[in-house]
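*Asks:* Coordinates in start_18.cif, mmCIF, C-alpha atoms, are listed below.
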```
data_start
loop_
_atom_site.label_atom_id
_atom_site.label_comp_id
_atom_site.auth_asym_id
_atom_site.auth_seq_id
_atom_site.Cartn_x
_atom_site.Cartn_y
_atom_site.Cartn_z
CA MET A 1 19.25 5.86 -42.42
CA LYS A 2 22.14 7.49 -40.57
CA ILE A 3 22.94 6.10 -37.15
CA SER A 4 23.10 9.63 -35.75
CA THR A 5 19.38 10.02 -36.34
CA LEU A 6 18.66 6.95 -34.25
CA ILE A 7 20.78 7.22 -31.15
CA ALA A 8 21.08 9.39 -28.10
CA VAL A 9 24.82 8.82 -27.92
CA VAL A 10 27.42 6.30 -29.06
CA LEU A 11 29.52 4.78 -26.32
CA ILE A 12 32.83 3.15 -27.16
CA VAL A 13 33.40 0.53 -24.50
CA SER A 14 35.20 -2.75 -24.18
CA SER A 15 33.25 -5.98 -24.39
CA SER A 16 34.33 -6.46 -20.77
CA ILE A 17 30.63 -5.67 -20.21
CA ASN A 18 30.32 -9.42 -20.50
CA GLY A 19 33.36 -10.05 -18.32
CA VAL A 20 35.76 -10.65 -21.19
CA GLU A 21 38.35 -8.18 -22.44
CA ALA A 22 38.26 -7.92 -26.21
CA GLN A 23 38.17 -5.33 -28.95
CA GLU A 24 36.25 -2.14 -28.40
CA LYS A 25 32.66 -2.02 -29.57
CA LYS A 26 30.20 0.80 -30.15
CA TYR A 27 26.91 1.02 -28.30
CA MET A 28 23.99 3.38 -28.45
CA ALA A 29 22.83 4.38 -25.00
CA HIS A 30 19.74 5.90 -23.43
CA THR A 31 19.46 7.12 -19.85
CA VAL A 32 16.35 6.21 -17.85
CA ALA A 33 15.88 8.37 -14.73
CA PHE A 34 13.51 8.74 -11.82
CA TYR A 35 13.22 11.81 -9.58
CA ASN A 36 10.86 12.65 -6.72
CA PHE A 37 10.29 16.39 -7.28
CA GLU A 38 9.11 16.93 -3.66
CA ASN A 39 6.01 19.09 -3.65
CA LEU A 40 6.04 20.52 -7.15
CA PHE A 41 2.94 22.66 -6.67
CA ASP A 42 1.87 25.68 -8.66
CA THR A 43 0.49 28.82 -6.95
CA ILE A 44 -3.13 28.36 -8.07
CA LYS A 45 -5.85 26.99 -5.78
CA GLY A 46 -6.99 23.62 -7.02
CA THR A 47 -9.65 21.13 -5.96
CA ASN A 48 -7.03 19.18 -4.00
CA TYR A 49 -5.65 20.00 -0.56
CA ASP A 50 -3.01 22.48 -1.73
CA GLU A 51 -3.60 25.31 0.76
CA GLU A 52 -0.10 24.97 2.18
CA TRP A 53 1.41 25.70 -1.25
CA LEU A 54 -0.37 28.95 -2.02
CA PRO A 55 0.96 32.53 -1.71
CA ASN A 56 -0.91 32.99 1.57
CA GLY A 57 -0.30 29.41 2.76
CA LEU A 58 2.17 28.02 5.26
CA GLN A 59 4.97 27.86 2.68
CA ARG A 60 4.27 31.34 1.29
CA TRP A 61 4.62 29.73 -2.14
CA THR A 62 4.95 32.63 -4.58
CA SER A 63 5.46 32.66 -8.34
CA LYS A 64 9.09 33.62 -7.75
CA LYS A 65 9.66 30.54 -5.57
CA TYR A 66 7.76 28.31 -7.99
CA ASN A 67 9.85 29.46 -10.96
CA GLN A 68 13.04 28.98 -8.95
CA LYS A 69 11.93 25.42 -8.12
CA LEU A 70 11.37 24.71 -11.82
CA GLU A 71 14.78 26.14 -12.65
CA ASN A 72 16.46 24.05 -9.95
CA LEU A 73 14.79 20.83 -11.06
CA SER A 74 15.61 21.44 -14.71
CA LYS A 75 19.26 22.02 -13.80
CA VAL A 76 19.36 18.54 -12.30
CA LEU A 77 17.33 16.81 -14.99
CA VAL A 78 19.49 18.00 -17.86
CA GLN A 79 22.57 16.52 -16.17
CA ILE A 80 21.37 13.17 -14.81
CA GLY A 81 23.54 10.35 -16.12
CA THR A 82 25.70 12.60 -18.28
CA ASN A 83 29.48 12.15 -18.35
CA ASP A 84 32.41 12.25 -20.75
CA LYS A 85 30.82 9.45 -22.80
CA GLN A 86 27.11 10.05 -22.35
CA LYS A 87 26.48 13.65 -23.41
CA GLU A 88 22.72 13.46 -23.82
CA PRO A 89 20.17 14.15 -21.03
CA PRO A 90 17.79 11.33 -20.06
CA THR A 91 15.51 9.86 -22.70
CA PHE A 92 13.02 8.95 -19.95
CA ILE A 93 12.31 10.75 -16.67
CA GLY A 94 9.82 9.18 -14.29
CA CYS A 95 8.66 11.65 -11.66
CA SER A 96 6.53 11.86 -8.54
CA GLU A 97 5.00 14.53 -6.29
CA VAL A 98 3.68 16.67 -9.13
CA GLU A 99 0.42 18.53 -8.55
CA ASN A 100 -0.92 18.36 -12.10
CA ARG A 101 0.00 18.26 -15.77
CA GLY A 102 0.43 22.02 -15.80
CA VAL A 103 3.52 21.96 -13.58
CA LEU A 104 5.14 19.43 -15.92
CA GLU A 105 4.32 21.64 -18.89
CA ASP A 106 5.96 24.56 -17.11
CA LEU A 107 8.99 22.41 -16.29
CA ILE A 108 9.71 21.26 -19.85
CA LYS A 109 9.46 24.89 -21.03
CA THR A 110 12.33 26.02 -18.80
CA PRO A 111 15.47 27.17 -20.66
CA ASN A 112 17.40 24.04 -19.70
CA LEU A 113 14.78 21.68 -21.15
CA VAL A 114 12.80 23.49 -23.83
CA THR A 115 15.10 22.55 -26.73
CA LEU A 116 15.04 18.85 -25.75
CA ASP A 117 11.38 18.52 -26.79
CA TYR A 118 10.10 16.33 -23.95
CA GLY A 119 6.67 14.79 -24.15
CA ILE A 120 4.44 14.21 -21.10
CA VAL A 121 2.37 11.27 -19.90
CA HIS A 122 0.28 12.18 -16.86
CA PHE A 123 -3.02 11.26 -15.23
CA ASP A 124 -4.67 12.80 -12.18
CA SER A 125 -4.65 10.40 -9.24
CA PRO A 126 -7.12 10.14 -6.33
CA ASP A 127 -4.44 11.17 -3.82
CA LYS A 128 -6.08 13.78 -1.62
CA ARG A 129 -3.08 16.10 -1.68
CA GLY A 130 -3.30 15.97 -5.43
CA ILE A 131 0.22 14.68 -6.02
CA ASP A 132 0.69 12.40 -9.00
CA VAL A 133 3.32 10.50 -10.94
CA GLY A 134 4.27 11.19 -14.54
CA LEU A 135 6.69 10.33 -17.31
CA LEU A 136 8.70 12.73 -19.44
CA TYR A 137 10.22 11.34 -22.64
CA ARG A 138 12.30 12.63 -25.52
CA LYS A 139 9.99 12.65 -28.53
CA LYS A 140 13.02 12.25 -30.78
CA TYR A 141 13.73 8.76 -29.45
CA PHE A 142 10.56 7.31 -27.91
CA LYS A 143 7.16 6.84 -29.53
CA PRO A 144 4.45 5.93 -26.98
CA THR A 145 1.69 3.66 -28.22
CA SER A 146 -0.42 3.38 -25.06
CA SER A 147 -0.64 4.68 -21.51
CA ILE A 148 -2.93 3.92 -18.60
CA ASN A 149 -3.22 4.75 -14.91
CA ILE A 150 -3.89 1.62 -12.87
CA PRO A 151 -5.52 2.33 -9.49
CA LEU A 152 -3.88 1.09 -6.32
CA ILE A 153 -6.93 0.23 -4.23
CA ILE A 154 -6.27 -0.17 -0.52
CA TYR A 155 -8.63 -0.26 2.43
CA ARG A 156 -7.50 0.49 5.95
CA LYS A 157 -8.66 -1.79 8.75
CA LYS A 158 -11.16 -0.14 11.06
CA SER A 159 -10.42 0.32 14.72
CA ALA A 160 -12.82 -0.82 17.44
CA ASN A 161 -13.88 2.80 18.01
CA GLU A 162 -14.57 3.31 14.30
CA ILE A 163 -16.71 0.16 14.17
CA LYS A 164 -18.65 1.34 17.22
CA GLU A 165 -19.10 4.81 15.72
CA GLU A 166 -20.30 3.29 12.44
CA LYS A 167 -22.98 1.26 14.21
CA GLU A 168 -24.12 4.32 16.11
CA THR A 169 -24.14 6.41 12.94
CA GLU A 170 -26.16 3.85 10.98
CA GLU A 171 -28.85 4.13 13.61
CA ASP A 172 -29.21 7.79 12.68
CA LYS A 173 -30.52 7.34 9.12
CA ALA A 174 -30.94 11.07 8.66
CA ASP A 175 -27.18 11.73 8.83
CA LYS A 176 -26.19 10.33 5.43
CA ASP A 177 -22.84 12.14 5.30
CA LYS A 178 -21.63 10.48 8.50
CA ILE A 179 -22.71 7.07 7.22
CA GLU A 180 -20.71 7.56 4.01
CA VAL A 181 -17.61 8.67 5.91
CA ALA A 182 -17.85 5.70 8.26
CA LYS A 183 -18.21 3.15 5.45
CA ASN A 184 -15.51 4.55 3.15
CA ASN A 185 -12.23 3.34 4.62
CA ARG A 186 -10.21 3.46 1.42
CA VAL A 187 -6.66 4.83 1.50
CA TYR A 188 -6.50 7.21 -1.43
CA THR A 189 -3.03 7.13 -2.94
CA ARG A 190 -1.22 7.41 -6.25
CA ASP A 191 -2.09 5.26 -9.25
CA VAL A 192 0.52 3.18 -11.06
CA LEU A 193 1.37 4.66 -14.47
CA LEU A 194 2.02 2.20 -17.31
CA VAL A 195 3.45 3.53 -20.56
CA THR A 196 4.24 1.34 -23.57
CA GLY A 197 6.03 2.44 -26.71
CA PHE A 198 8.96 1.99 -29.06
CA ILE A 199 12.56 3.12 -28.81
CA ASP A 200 14.63 2.49 -31.94
CA GLY A 201 12.01 -0.02 -33.08
CA GLU A 202 11.98 -2.00 -29.82
CA GLU A 203 8.95 -2.11 -27.57
CA ILE A 204 9.44 -1.20 -23.93
CA ASN A 205 7.03 -1.00 -20.98
CA ILE A 206 7.60 1.47 -18.15
CA LEU A 207 5.87 1.45 -14.76
CA VAL A 208 6.07 4.64 -12.67
CA ASN A 209 5.20 4.41 -8.97
CA HIS A 210 4.89 6.42 -5.79
CA TRP A 211 3.89 3.93 -3.11
CA PRO A 212 2.00 4.82 0.11
CA SER A 213 4.00 6.71 2.71
CA ARG A 214 5.15 5.50 6.10
CA SER A 215 2.67 7.77 7.87
CA GLY A 216 1.64 6.12 11.12
CA GLY A 217 4.84 4.12 11.27
CA GLU A 218 6.76 1.76 8.99
CA LYS A 219 5.28 -1.42 10.46
CA LYS A 220 1.68 -0.21 10.46
CA SER A 221 1.84 1.09 6.88
CA SER A 222 3.90 -1.77 5.43
CA PRO A 223 0.85 -3.79 4.26
CA PHE A 224 -0.14 -0.89 1.98
CA ARG A 225 3.21 -1.02 0.18
CA GLU A 226 3.10 -4.79 0.05
CA ILE A 227 -0.16 -4.47 -1.88
CA ALA A 228 1.56 -1.97 -4.19
CA GLY A 229 4.38 -4.42 -4.82
CA LYS A 230 1.93 -7.20 -5.63
CA LEU A 231 0.05 -4.90 -8.01
CA ASN A 232 3.27 -4.19 -9.93
CA ARG A 233 3.95 -7.92 -10.11
CA LYS A 234 0.41 -8.49 -11.40
CA ILE A 235 0.83 -5.81 -14.08
CA MET A 236 4.12 -7.36 -15.22
CA ASP A 237 2.55 -10.82 -15.39
CA SER A 238 -0.31 -9.47 -17.51
CA ILE A 239 2.23 -7.93 -19.91
CA TYR A 240 4.06 -11.26 -20.16
CA LYS A 241 0.84 -13.07 -21.04
CA VAL A 242 0.63 -10.92 -24.16
CA ASN A 243 4.36 -10.96 -24.89
CA PRO A 244 6.61 -13.42 -23.00
CA GLU A 245 9.67 -11.52 -24.26
CA ALA A 246 8.46 -8.10 -23.09
CA LYS A 247 11.00 -5.63 -21.72
CA ILE A 248 9.79 -3.96 -18.54
CA ILE A 249 11.20 -1.20 -16.35
CA CYS A 250 9.66 -0.61 -12.91
CA MET A 251 10.64 2.66 -11.22
CA GLY A 252 9.51 4.94 -8.46
CA ASP A 253 9.68 6.25 -4.94
CA LEU A 254 8.64 3.08 -3.16
CA ASN A 255 8.81 4.45 0.41
CA ASP A 256 10.48 1.13 1.20
CA GLY A 257 14.03 -0.07 0.97
CA THR A 258 15.38 -2.64 -1.46
CA TYR A 259 15.27 -5.21 1.36
CA ASN A 260 11.62 -4.73 2.36
CA LYS A 261 8.90 -7.31 1.83
CA SER A 262 7.05 -5.14 -0.70
CA VAL A 263 10.08 -5.21 -3.02
CA LYS A 264 11.58 -8.63 -2.28
CA GLU A 265 8.33 -10.61 -2.15
CA GLY A 266 5.72 -8.33 -3.71
CA VAL A 267 7.67 -7.48 -6.86
CA GLY A 268 10.01 -10.44 -6.47
CA ALA A 269 13.17 -8.39 -7.09
CA LYS A 270 16.54 -10.13 -6.84
CA LEU A 271 19.93 -8.89 -5.65
CA LYS A 272 22.03 -10.78 -8.21
CA LYS A 273 21.49 -11.23 -11.92
CA ALA A 274 22.24 -14.95 -11.59
CA GLU A 275 19.23 -15.29 -9.27
CA VAL A 276 16.77 -13.88 -11.80
CA GLN A 277 14.66 -16.50 -13.54
CA LYS A 278 12.52 -16.01 -16.65
CA PHE A 279 9.83 -13.37 -15.97
CA GLY A 280 11.87 -12.30 -12.95
CA VAL A 281 13.12 -8.88 -11.86
CA TYR A 282 16.60 -7.54 -11.13
CA ASN A 283 17.14 -4.65 -8.71
CA PRO A 284 20.60 -3.04 -9.10
CA PHE A 285 19.91 -0.67 -6.22
CA GLU A 286 19.95 -3.43 -3.62
CA GLN A 287 23.72 -3.82 -3.96
CA MET A 288 24.10 -0.05 -4.01
CA TYR A 289 22.32 0.09 -0.66
CA LYS A 290 24.58 -2.64 0.71
CA ASN A 291 27.52 -0.51 -0.43
CA GLY A 292 26.31 2.36 1.76
CA ASN A 293 24.61 4.57 -0.85
CA ALA A 294 21.37 6.48 -0.23
CA THR A 295 18.77 8.58 -2.04
CA LEU A 296 17.28 10.10 1.12
CA PHE A 297 17.98 10.46 4.83
CA TYR A 298 15.87 10.35 7.96
CA ARG A 299 17.20 10.84 11.48
CA ASP A 300 20.78 10.50 10.22
CA ALA A 301 20.06 7.16 8.54
CA GLY A 302 20.29 6.85 4.76
CA ASP A 303 18.22 4.53 2.60
CA ILE A 304 17.31 3.95 -1.03
CA PHE A 305 13.58 4.37 -1.54
CA ASP A 306 14.02 5.53 -5.15
CA GLN A 307 14.63 2.49 -7.32
CA ILE A 308 14.64 1.34 -10.93
CA MET A 309 14.17 -2.40 -11.50
CA VAL A 310 14.38 -4.25 -14.80
CA SER A 311 12.95 -7.46 -16.21
CA GLU A 312 15.00 -10.56 -16.97
CA THR A 313 14.74 -9.73 -20.67
CA LEU A 314 16.85 -6.62 -20.04
CA ILE A 315 19.79 -8.35 -18.32
CA ARG A 316 20.66 -10.91 -20.97
CA ASN A 317 24.16 -10.85 -22.46
CA ASP A 318 23.07 -10.38 -26.06
CA TYR A 319 23.50 -6.66 -26.78
CA THR A 320 22.07 -6.79 -30.29
CA SER A 321 18.96 -5.30 -28.66
CA PHE A 322 18.61 -2.94 -25.72
CA ARG A 323 19.85 -4.26 -22.37
CA TYR A 324 20.48 -2.86 -18.92
CA TRP A 325 24.10 -1.74 -18.46
CA LYS A 326 24.55 -0.04 -15.09
CA ALA A 327 22.83 2.16 -12.50
CA GLY A 328 23.63 5.26 -10.49
CA ILE A 329 22.46 7.88 -8.01
CA TYR A 330 22.84 11.49 -9.12
CA ASN A 331 23.98 13.49 -6.10
CA LYS A 332 26.26 16.30 -7.21
CA SER A 333 27.59 18.76 -4.63
CA PHE A 334 25.23 21.60 -5.62
CA MET A 335 22.29 19.38 -4.63
CA ILE A 336 23.59 18.70 -1.11
CA GLN A 337 23.16 20.62 2.14
CA THR A 338 26.64 21.76 3.19
CA THR A 339 26.06 23.18 6.66
CA GLY A 340 23.96 22.77 9.79
CA GLN A 341 22.05 19.87 11.25
CA TYR A 342 21.26 18.37 7.85
CA LYS A 343 24.72 18.58 6.34
CA GLY A 344 25.09 15.89 3.69
CA TYR A 345 21.33 15.57 3.14
CA PRO A 346 19.63 16.48 -0.16
CA LEU A 347 19.17 20.27 -0.36
CA ARG A 348 15.41 20.69 -0.06
CA HIS A 349 13.03 23.62 0.31
CA SER A 350 13.31 25.66 3.49
CA ALA A 351 12.25 29.08 4.77
CA ASN A 352 15.48 30.57 3.44
CA GLU A 353 16.05 28.56 0.27
CA VAL A 354 13.91 26.91 -2.40
CA GLY A 355 16.29 23.99 -2.89
CA PHE A 356 15.77 20.93 -5.06
CA SER A 357 14.19 17.89 -3.38
CA ASP A 358 14.52 15.72 -0.28
CA HIS A 359 15.46 12.84 -2.61
CA PHE A 360 18.35 12.29 -4.98
CA PRO A 361 17.38 11.05 -8.46
CA VAL A 362 18.37 7.60 -9.71
CA TYR A 363 19.12 6.36 -13.21
CA ILE A 364 20.10 3.39 -15.35
CA TYR A 365 21.54 3.07 -18.83
CA LEU A 366 20.05 0.98 -21.64
CA ILE A 367 22.62 0.12 -24.30
CA LYS A 368 22.60 -1.62 -27.65
CA GLU A 369 25.48 -2.63 -29.90
CA VAL A 370 25.75 -0.79 -33.22
CA GLN A 371 27.56 -2.02 -36.32
#
```
Once you've parsed the file, please lay out its structure as structure tokens.
*Replies:*
Amino acid sequence: MKISTLIAVVLIVSSSINGVEAQEKKYMAHTVAFYNFENLFDTIKGTNYDEEWLPNGLQRWTSKKYNQKLENLSKVLVQIGTNDKQKEPPTFIGCSEVENRGVLEDLIKTPNLVTLDYGIVHFDSPDKRGIDVGLLYRKKYFKPTSSINIPLIIYRKKSANEIKEEKETEEDKADKDKIEVAKNNRVYTRDVLLVTGFIDGEEINILVNHWPSRSGGEKKSSPFREIAGKLNRKIMDSIYKVNPEAKIICMGDLNDGTYNKSVKEGVGAKLKKAEVQKFGVYNPFEQMYKNGNATLFYRDAGDIFDQIMVSETLIRNDYTSFRYWKAGIYNKSFMIQTTGQYKGYPLRHSANEVGFSDHFPVYIYLIKEVQ
């Protein structure tokens, strides 16, 4: 079989990948990306709370604006991770803030993406706004074998007033609706998406996340994201029980920085490769944050909430199978606000411009030596 039918691109790089200068070697490479699409809603009324994103809603979200949003996103997606060596668009694109499968179907049909033949993995989540996560993949290179949405179940602690109201409500047995509202204290958020499949004959597991927001304050909402981190760790451990040599990628908008408890303790992510033990996790974006990089900004402070972490099995020095190579943030000038109060921020939707997203996408490369 010809190599060209197997690979996304062939990189010619020095074996200095391993810290030693030697003869040049050839590697096949695949780009793995994640992008928060920021409110990718269609213009059709759904069963979710999407009133704001309708033609007569607050955003005056028309078909023209929707199609421009799709075009803008596709312009970014087709370029993520590409350079003079890597010509191919991403093999994998994890995404968040999508209203339904339909918007993803519309996205992959845009002129920039239609010829790339992306497949979709998507499940509806219980998030009340109706925003979900998903995974796009190049059918040419990746063959999924299973996918599942794993619920992130969180209950908010009740306040003293809520407890009092519940007791009073229970006394009124005729008001069943109020009783149900008082007892149901679950925080409805996005599920974790787990997709397993084969790329060039090698099995890989991909987790796509969009952790609970910081609504109500970072400190108050932190326990929710800590639970999300522990759930990801639990999923990884369950994968390892089946296959101790499993390769796992964990990506998403975590609504926490690389330094937060949810990431450092919940997932157990490490700053340095040398710190990663068997079954451990390496987070290349922690050093990127320390170097002053950001994927989003709030009140003039930048942070990296969008992260891609990899299992210990992906950072070994044997490149005869796929390994992590390096990571990046895709933040080209056309995606950046150039004037006004938010100069330097991601160019997002406004009253005067559709924009792209309030996040920059992130990516990593997987590479494998070819003979």
*Asks:* Region 231-270 of chain A near region 278-300 of chain A within 8 Å: what's each residue's closest atom pair and its distance in Å to one decimal, counting only C-alpha atoms, ordered by chain then ascending residue number, as a tab-separated table?
*Replies:*
```
residue	atom	partner	partner_atom	distance
A:Asp237	CA	A:Phe279	CA	7.7
A:Tyr240	CA	A:Phe279	CA	7.4
A:Pro244	CA	A:Phe279	CA	7.7
A:Thr258	CA	A:Glu286	CA	5.1
A:Tyr259	CA	A:Glu286	CA	7.1
A:Val267	CA	A:Val281	CA	7.5
A:Gly268	CA	A:Val281	CA	6.4
A:Ala269	CA	A:Val281	CA	4.8
A:Lys270	CA	A:Tyr282	CA	5.0
```
*Asks:* Taking a cut-off of 10 Å and counting all atoms listed in the file, can you build a table that, for each residue of region 60-164 of chain A near region 346-351 of chain A, reports the nearest atom pair and how far apart they are in Å (one decimal), sorted by chain then residue number, as a Markdown table?
*Replies:*
```
| residue | atom | partner | partner_atom | distance |
| --- | --- | --- | --- | --- |
| A:Arg60 | CA | A:Ala351 | CA | 9.0 |
| A:Lys65 | CA | A:His349 | CA | 9.7 |
| A:Lys69 | CA | A:His349 | CA | 8.7 |
```
*Asks:* Selected residues, C-alpha atoms, written as a compact mmCIF listing (two decimals), keeping the file's coordinate frame, please.
*Replies:*
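So the final result, stored in result_31.txt, reads:
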```
# COMPACT_ATOMS: atom_id res chain seq x y z
CA ARG A 60 4.27 31.34 1.29
CA LYS A 65 9.66 30.54 -5.57
CA LYS A 69 11.93 25.42 -8.12
```
*Asks:* Work out where the centre of an axis-aligned box around every listed atom of region 21-36 of chain A lies and how long its edges are once 6 Å is added on each side; give both in Å to one decimal as lines of an AutoDock Vina configuration file.
*Replies:*
```
center_x = 24.6
center_y = 2.2
center_z = -18.4
size_x = 39.5
size_y = 32.8
size_z = 35.4
```
*Asks:* Residues near Glu71 (chain A), anyone? I mean within 8 Å using all atoms listed in the file, not counting same-chain ones fewer than 6 positions away, as a ChimeraX atom specification.
*Replies:* /A:107,110,112
*Asks:* Considering only C-alpha atoms, can you say which of A:Val192, A:Ile153, A:Val263, A:Val354 comes closest to Tyr66 (chain A)?
*Replies:*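 Counting only C-alpha atoms, the residue closest to Tyr66 (chain A) is A:Val354.
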*Asks:* Fewer than 2 positions away in the same chain doesn't count, so skip those; otherwise give me all residues within 12 Å of Arg214 (chain A), counting only C-alpha atoms, as a tab-separated table (two decimals) with C-alpha atoms, in the coordinates of the input.
*Replies:*
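File written: selection.tsv
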```tsv
chain	number	residue	atom	x	y	z
A	210	HIS	CA	4.89	6.42	-5.79
A	211	TRP	CA	3.89	3.93	-3.11
A	212	PRO	CA	2.00	4.82	0.11
A	216	GLY	CA	1.64	6.12	11.12
A	217	GLY	CA	4.84	4.12	11.27
A	218	GLU	CA	6.76	1.76	8.99
A	219	LYS	CA	5.28	-1.42	10.46
A	220	LYS	CA	1.68	-0.21	10.46
A	221	SER	CA	1.84	1.09	6.88
A	222	SER	CA	3.90	-1.77	5.43
A	223	PRO	CA	0.85	-3.79	4.26
A	224	PHE	CA	-0.14	-0.89	1.98
A	225	ARG	CA	3.21	-1.02	0.18
A	253	ASP	CA	9.68	6.25	-4.94
A	254	LEU	CA	8.64	3.08	-3.16
A	255	ASN	CA	8.81	4.45	0.41
A	256	ASP	CA	10.48	1.13	1.20
A	257	GLY	CA	14.03	-0.07	0.97
A	298	TYR	CA	15.87	10.35	7.96
A	305	PHE	CA	13.58	4.37	-1.54
```
*Asks:* Evaluate the PyMOL selection byres ((chain A and resi 362-366) around 7) against this structure - the residues, as a ChimeraX atom specification, please.
*Replies:* /A:29-35,81,306-307,322-330,360-361,367
*Asks:* Translate the PyMOL selection byres ((chain A and resi 187) around 8) into a concrete residue list for this structure, as a PDB file with C-alpha atoms, keeping the file's coordinate frame.
*Replies:*
```
ATOM      1  CA  ILE A 153      -6.930   0.230  -4.230  1.00  0.00           C
ATOM      2  CA  ILE A 154      -6.270  -0.170  -0.520  1.00  0.00           C
ATOM      3  CA  TYR A 155      -8.630  -0.260   2.430  1.00  0.00           C
ATOM      4  CA  ARG A 156      -7.500   0.490   5.950  1.00  0.00           C
ATOM      5  CA  ASN A 185     -12.230   3.340   4.620  1.00  0.00           C
ATOM      6  CA  ARG A 186     -10.210   3.460   1.420  1.00  0.00           C
ATOM      7  CA  TYR A 188      -6.500   7.210  -1.430  1.00  0.00           C
ATOM      8  CA  THR A 189      -3.030   7.130  -2.940  1.00  0.00           C
TER       9      THR A 189
END
```
*Asks:* Hey, what comes out of the PyMOL selection byres ((chain A and resi 44) around 12) on this file? Could you write it as a PyMOL selection string?
*Replies:* chain A and resi 41-43+45-57+61-63+66+99-100+102-103
*Asks:* Which is closer to Ile148 (chain A) than all the others in A:Lys87, A:Gly94, A:Ile235, A:Asn243, using all atoms listed in the file?
*Replies:* A:Ile235
*Asks:* By how many Å are CA of Cys95 (chain A) and CA of Asn317 (chain A) apart?
*Replies:*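 Value for the CA of Cys95 (chain A)-CA of Asn317 (chain A) distance: 29.4 Å.
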*Asks:* Please indicate the distance in Å from CA of Leu135 (chain A) to CA of Pro151 (chain A), rounded to one decimal place.
*Replies:* 16.6 Å
*Asks:* Interatomic distance between CA of Leu136 (chain A) and CA of Tyr118 (chain A)?
*Replies:*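 Result for CA of Leu136 (chain A) versus CA of Tyr118 (chain A): 5.9 Å, one decimal.
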*Asks:* Would you kindly return, as a list of chain:residue names, each protein, DNA or RNA residue with an atom no farther than 9 Å from any atom of Gln371 (chain A), considering only C-alpha atoms and excluding same-chain residues fewer than 6 positions away?
*Replies:*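 Surrounding residues, per the criterion: A:Lys25, A:Lys26, A:Tyr27.
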*Asks:* From the options A:Ser357, A:Ser333, A:Thr338, A:Asn205, which residue's atoms come nearest to Pro144 (chain A), counting only C-alpha atoms?
*Replies:* A:Asn205
*Asks:* Determine, counting all atoms listed in the file, every residue of protein, DNA or RNA that lies within 10 Å of (8.1, 21.6, -25.0) in the file coordinates, then give the result as a ChimeraX atom specification.
*Replies:* /A:104-110,113-120,138-139
*Asks:* Please list as a list of chain:residue names every residue within 9 Å of Gly197 (chain A), counting only C-alpha atoms and excluding residues in the same chain fewer than 6 positions away.
*Replies:*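 That gives A:Phe142, A:Lys143, A:Pro144, A:Thr145, A:Ser146, A:Ser147, A:Glu203, A:Ile204, A:Asn205, A:Ile206.
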*Asks:* With only C-alpha atoms as the basis for distance, which of A:Phe92, A:Tyr141, A:Tyr342, A:Phe356 is at the shortest distance from Ile199 (chain A)?
*Replies:*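 Among the listed residues, A:Tyr141 lies closest to Ile199 (chain A).
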